[in-house]
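J.: What follows is work31.txt; its format and atoms are compact mmCIF, C-alpha atoms.
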```
# COMPACT_ATOMS: atom_id res chain seq x y z
CA MET A 1 15.29 58.58 79.47
CA PRO A 2 17.64 59.27 76.57
CA ASN A 3 18.02 62.85 75.57
CA ALA A 4 17.64 64.20 72.06
CA ARG A 5 21.37 64.00 71.46
CA THR A 6 21.49 60.31 72.36
CA LEU A 7 18.54 59.57 70.06
CA SER A 8 20.24 61.39 67.24
CA ALA A 9 23.34 59.25 67.74
CA TYR A 10 21.26 56.07 67.70
CA LEU A 11 19.48 57.14 64.56
CA ALA A 12 22.75 58.05 62.90
CA GLU A 13 24.18 54.66 63.81
CA LEU A 14 21.09 52.89 62.44
CA VAL A 15 21.36 54.87 59.21
CA VAL A 16 25.00 53.91 58.85
CA ILE A 17 24.18 50.24 59.47
CA PHE A 18 21.28 50.35 56.99
CA VAL A 19 23.38 52.04 54.32
CA GLY A 20 26.21 49.57 54.91
CA VAL A 21 23.87 46.57 54.57
CA ALA A 22 22.22 48.07 51.47
CA LEU A 23 25.59 48.72 49.89
CA ALA A 24 26.71 45.17 50.69
CA PHE A 25 23.59 43.77 49.00
CA ALA A 26 24.10 46.10 46.06
CA VAL A 27 27.72 44.99 45.66
CA ASP A 28 26.70 41.32 45.88
CA ASN A 29 23.94 41.85 43.33
CA LEU A 30 26.34 43.69 41.04
CA ARG A 31 28.91 40.92 41.38
CA GLU A 32 26.28 38.25 40.70
CA ALA A 33 24.91 40.17 37.73
CA ARG A 34 28.42 40.56 36.30
CA ASN A 35 29.07 36.85 36.81
CA ASP A 36 25.77 35.99 35.11
CA ARG A 37 26.69 38.20 32.14
CA ASN A 38 30.08 36.50 31.83
CA ILE A 39 28.39 33.08 31.86
CA GLU A 40 25.84 34.30 29.31
CA GLU A 41 28.63 35.47 27.02
CA GLN A 42 30.36 32.10 27.33
CA TYR A 43 27.14 30.22 26.53
CA LEU A 44 26.31 32.45 23.56
CA SER A 45 29.83 32.00 22.20
CA ALA A 46 29.53 28.22 22.59
CA PHE A 47 26.08 28.21 20.98
CA ARG A 48 27.43 30.15 18.02
CA GLN A 49 30.21 27.61 17.52
CA ASP A 50 27.66 24.77 17.70
CA LEU A 51 25.37 26.52 15.22
CA MET A 52 28.20 27.15 12.76
CA ALA A 53 29.03 23.44 12.84
CA ASP A 54 25.33 22.56 12.51
CA LEU A 55 25.01 24.75 9.44
CA GLN A 56 27.75 22.78 7.67
CA MET A 57 26.26 19.50 8.89
CA LEU A 58 22.77 20.36 7.60
CA GLU A 59 24.11 21.44 4.21
CA LYS A 60 26.01 18.17 3.89
CA GLN A 61 22.93 16.20 4.94
CA GLN A 62 20.84 17.84 2.24
CA ASN A 63 23.46 17.22 -0.46
CA ASP A 64 24.09 13.61 0.63
CA ARG A 65 20.39 12.76 0.69
CA GLN A 66 19.82 14.22 -2.75
CA ALA A 67 22.80 12.25 -4.08
CA GLN A 68 21.52 9.10 -2.34
CA LEU A 69 18.17 9.26 -4.14
CA LYS A 70 19.89 9.91 -7.47
CA ASN A 71 22.17 6.89 -6.95
CA ALA A 72 19.26 4.68 -5.89
CA ARG A 73 17.36 5.51 -9.07
CA THR A 74 20.48 4.86 -11.16
CA ALA A 75 20.99 1.46 -9.51
CA LEU A 76 17.33 0.57 -10.04
CA GLU A 77 17.67 1.27 -13.76
CA PHE A 78 19.86 -1.85 -14.06
CA PHE A 79 16.87 -3.94 -12.96
CA GLU A 80 14.69 -2.22 -15.56
CA GLY A 81 16.70 -2.97 -18.70
CA ARG A 82 19.73 -0.72 -18.56
CA PRO A 83 22.77 -2.53 -20.06
CA ASN A 84 24.91 -4.06 -17.35
CA ASP A 85 27.95 -2.05 -16.32
CA PRO A 86 29.30 -3.42 -13.01
CA ALA A 87 31.41 -0.34 -12.26
CA ILE A 88 28.56 2.14 -12.74
CA PHE A 89 26.17 -0.10 -10.80
CA PHE A 90 28.64 -0.39 -7.95
CA GLU A 91 29.36 3.34 -7.78
CA ALA A 92 25.61 4.02 -7.64
CA TYR A 93 24.66 1.11 -5.37
CA TRP A 94 27.02 1.29 -2.41
CA PRO A 95 26.17 4.92 -1.37
CA VAL A 96 22.49 3.91 -1.33
CA LEU A 97 23.21 1.83 1.76
CA TRP A 98 24.52 4.74 3.84
CA ASP A 99 22.61 5.36 7.05
CA LEU A 100 22.52 9.15 7.04
CA ARG A 101 21.77 10.65 10.45
CA THR A 102 21.32 14.28 11.41
CA ILE A 103 23.54 14.69 14.48
CA PRO A 104 23.48 18.24 15.87
CA ASN A 105 25.93 19.61 18.40
CA ARG A 106 24.04 19.28 21.69
CA ASN A 107 26.77 19.77 24.31
CA THR A 108 26.00 23.40 25.09
CA MET A 109 22.23 22.96 25.04
CA ASP A 110 22.40 19.87 27.26
CA GLU A 111 24.57 21.73 29.77
CA VAL A 112 22.30 24.79 29.76
CA LEU A 113 19.16 22.72 30.28
CA SER A 114 20.61 20.41 32.92
CA SER A 115 22.00 23.33 34.95
CA GLY A 116 18.91 25.51 34.62
CA SER A 117 21.03 28.22 33.02
CA LEU A 118 18.78 28.98 30.06
CA ARG A 119 17.40 31.90 32.13
CA LEU A 120 20.81 33.57 31.90
CA ILE A 121 20.25 34.23 28.20
CA ARG A 122 18.36 37.50 28.41
CA ASP A 123 17.15 37.68 24.82
CA ALA A 124 13.79 35.88 24.75
CA LYS A 125 13.96 35.45 20.96
CA ILE A 126 17.26 33.60 21.23
CA ARG A 127 15.92 31.38 24.01
CA ALA A 128 12.81 30.53 22.03
CA GLY A 129 14.80 30.02 18.83
CA LEU A 130 17.17 27.55 20.49
CA LEU A 131 14.32 25.54 22.01
CA ASN A 132 12.45 25.45 18.70
CA LEU A 133 15.57 24.36 16.84
CA TYR A 134 16.22 21.40 19.13
CA ALA A 135 12.56 20.45 18.95
CA ALA A 136 12.96 20.39 15.15
CA TYR A 137 16.03 18.17 15.51
CA ALA A 138 13.95 15.73 17.60
CA THR A 139 11.31 15.57 14.84
CA ILE A 140 14.01 14.91 12.24
CA ALA A 141 15.46 12.11 14.40
CA ASN A 142 12.05 10.40 14.53
CA PHE A 143 11.77 10.42 10.74
CA GLU A 144 15.30 9.08 10.34
CA GLU A 145 14.71 6.27 12.85
CA HIS A 146 11.73 5.07 10.81
CA MET A 147 13.83 5.02 7.64
CA ALA A 148 16.78 3.34 9.37
CA ARG A 149 14.66 0.33 10.35
CA ASP A 150 13.77 -0.32 6.71
CA PHE A 151 17.39 0.19 5.65
CA ASP A 152 18.61 -2.28 8.30
CA MET A 153 16.22 -4.95 7.04
CA TYR A 154 17.61 -4.53 3.55
CA LEU A 155 21.28 -4.17 4.50
CA TYR A 156 21.36 -7.30 6.68
CA ASP A 157 19.22 -9.51 4.48
CA PRO A 158 20.96 -12.92 4.12
CA THR A 159 20.97 -12.60 0.35
CA PHE A 160 22.94 -9.39 0.50
CA SER A 161 25.32 -10.46 3.23
CA SER A 162 26.19 -13.66 1.34
CA ILE A 163 27.56 -11.67 -1.61
CA PRO A 164 31.38 -11.54 -1.26
CA ILE A 165 31.71 -8.10 -2.85
CA GLN A 166 33.53 -5.43 -0.86
CA PHE A 167 31.08 -2.50 -0.84
CA GLU A 168 33.57 0.22 -0.14
CA GLY A 169 34.95 2.29 -2.99
CA PRO A 170 36.64 2.45 -5.32
CA TRP A 171 35.41 -0.33 -7.62
CA ASN A 172 37.83 -3.23 -7.96
CA ASP A 173 37.27 -4.77 -11.40
CA THR A 174 37.81 -8.47 -10.75
CA PRO A 175 35.96 -11.51 -12.13
CA ALA A 176 34.69 -12.28 -8.62
CA ASN A 177 33.26 -8.77 -8.16
CA ARG A 178 31.67 -8.77 -11.62
CA GLU A 179 30.04 -12.11 -10.80
CA ALA A 180 28.85 -10.68 -7.45
CA VAL A 181 27.14 -7.80 -9.27
CA GLU A 182 25.54 -10.26 -11.70
CA THR A 183 24.22 -12.23 -8.73
CA LEU A 184 22.73 -9.09 -7.18
CA LEU A 185 21.05 -8.11 -10.44
CA ARG A 186 19.46 -11.55 -10.79
CA ASP A 187 18.01 -11.50 -7.28
CA ARG A 188 14.41 -10.26 -7.09
CA ARG A 189 14.72 -9.69 -3.36
CA VAL A 190 17.54 -7.25 -3.99
CA GLU A 191 15.41 -5.45 -6.56
CA ASN A 192 12.45 -5.31 -4.17
CA GLY A 193 14.68 -4.00 -1.41
CA LEU A 194 16.06 -1.34 -3.72
CA ARG A 195 12.56 -0.30 -4.69
CA LEU A 196 11.74 0.02 -0.99
CA ILE A 197 14.75 2.27 -0.52
CA VAL A 198 13.74 4.42 -3.50
CA ALA A 199 10.25 4.75 -2.02
CA ASN A 200 11.73 5.72 1.34
CA LEU A 201 14.03 8.28 -0.25
CA ASP A 202 11.13 9.73 -2.25
CA PHE A 203 9.29 10.09 1.05
CA ASP A 204 12.46 11.61 2.44
CA HIS A 205 12.42 14.30 -0.23
CA GLN A 206 8.76 15.08 0.41
CA SER A 207 8.91 15.11 4.22
CA LEU A 208 12.43 15.10 5.64
CA LEU A 209 14.20 17.52 3.33
CA PRO A 210 11.69 20.30 4.11
CA LEU A 211 12.41 19.70 7.81
CA LEU A 212 16.14 19.98 7.15
CA ASN A 213 15.53 23.20 5.22
CA GLN A 214 13.49 24.54 8.11
CA ALA A 215 16.20 23.64 10.63
CA ARG A 216 18.82 25.28 8.44
CA SER A 217 16.76 28.48 8.27
CA GLN A 218 16.41 28.43 12.06
CA VAL A 219 20.18 28.05 12.44
CA GLU A 220 20.85 30.93 10.06
CA GLN A 221 18.38 33.15 11.95
CA LEU A 222 20.00 32.34 15.29
CA LEU A 223 23.43 33.12 13.87
CA GLN A 224 22.13 36.56 12.93
CA GLN A 225 20.79 37.07 16.45
CA ILE A 226 23.99 35.87 18.16
CA PRO A 227 26.78 38.12 16.93
CA ALA A 228 30.36 36.90 16.76
CA ARG A 229 32.35 37.71 19.88
```
Would it be possible to restate this file's structure as structure tokens?
T.:
Amino acid sequence: MPNARTLSAYLAELVVIFVGVALAFAVDNLREARNDRNIEEQYLSAFRQDLMADLQMLEKQQNDRQAQLKNARTALEFFEGRPNDPAIFFEAYWPVLWDLRTIPNRNTMDEVLSSGSLRLIRDAKIRAGLLNLYAAYATIANFEEHMARDFDMYLYDPTFSSIPIQFEGPWNDTPANREAVETLLRDRRVENGLRLIVANLDFDHQSLLPLLNQARSQVEQLLQQIPAR
């Protein structure tokens, strides 16, 4: 039977082992926590870069869409009695055909979601804000896809594609191009297509532009929450 001294030695040894194991776990946890914080900092820095680029992209989208509607209305005026001016018509008409798409920077978000690393971002408001922003981008993409289908029908209509005018600026004032504009202005299908585009862009202003404004506000709020590093 072990004496009291032997028991004390055993207990001391057990305490040393327990403390050693606890310290090892604590060190591992500290190392893992430090690694997680480093990864979080890297993700937040990458998100901030993406958001800064998105802010410029959204501002350009808003300006381009407003200009597109203005140009479409100007081009339509030539079908409604405005005196023919091929150069002005051309400068207004060719930007109307642009397929404007909102393309956010998704690399960081895709990586975070695919790796399950969103949990590393400790601020719940930032996590929720990022998820809400990319949900808003998905809604915008659905609206734009609907508009793009109508634009494709108009852009690739045989009447349009048979016109030998080069619809890339600047305007080249040649007899052939002036005749091409005259042909477009005499074609009712072109007029109807342009009216469809104006209707789509009016819908754009009522529905899509508010979504772009909302996304821009979300980006600005996230930039305030994610300080520069």
J.: Provide the atom CA of A:Asn142 to atom CA of A:Trp98 distance in Å, to one decimal place.
T.: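 Atom-to-atom, atom CA of A:Asn142 to atom CA of A:Trp98, that is 17.4 Å.
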J.: Set the distance at 10 Å and use only C-alpha atoms: which residues neighbour A:Gln49 once local chain neighbours fewer than 5 positions away are removed? I'd like the list as a PyMOL selection string.
T.: chain A and resi 43-44+54+105+108+223+228
J.: Save the residues we just selected, C-alpha atoms, as a tab-separated table (two decimals), in the coordinates of the input?
T.:
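Saved to again-v5.tsv:
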```tsv
chain	number	residue	atom	x	y	z
A	43	TYR	CA	27.14	30.22	26.53
A	44	LEU	CA	26.31	32.45	23.56
A	54	ASP	CA	25.33	22.56	12.51
A	105	ASN	CA	25.93	19.61	18.40
A	108	THR	CA	26.00	23.40	25.09
A	223	LEU	CA	23.43	33.12	13.87
A	228	ALA	CA	30.36	36.90	16.76
```
J.: Which value, in Å to one decimal, gives the distance between atom CA of A:Ala87 and atom CA of A:Asn192?
T.: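 Distance between the two atoms: 21.2 Å.
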J.: So how far away is atom CA of A:Arg82 from atom CA of A:Asp99, in Å?
T.: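 Pair atom CA of A:Asp99 / atom CA of A:Arg82 returns 26.5 Å.
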J.: Using all atoms listed in the file, pick whichever of A:Leu133, A:Leu184, A:Met109, A:Leu196 has the shortest atom-to-atom distance to A:Ser217.
T.: A:Leu133
J.: Please list, as JSON, numbers by chain, the residues that have an atom at most 12 Å away from (21.1, 11.4, -2.9) in the coordinates of this file, counting all atoms listed in the file.
T.: {"A": [60, 61, 62, 63, 64, 65, 66, 67, 68, 69, 70, 71, 72, 73, 74, 75, 92, 93, 94, 95, 96, 97, 98, 99, 100, 197, 198, 200, 201, 202, 204, 205, 209]}
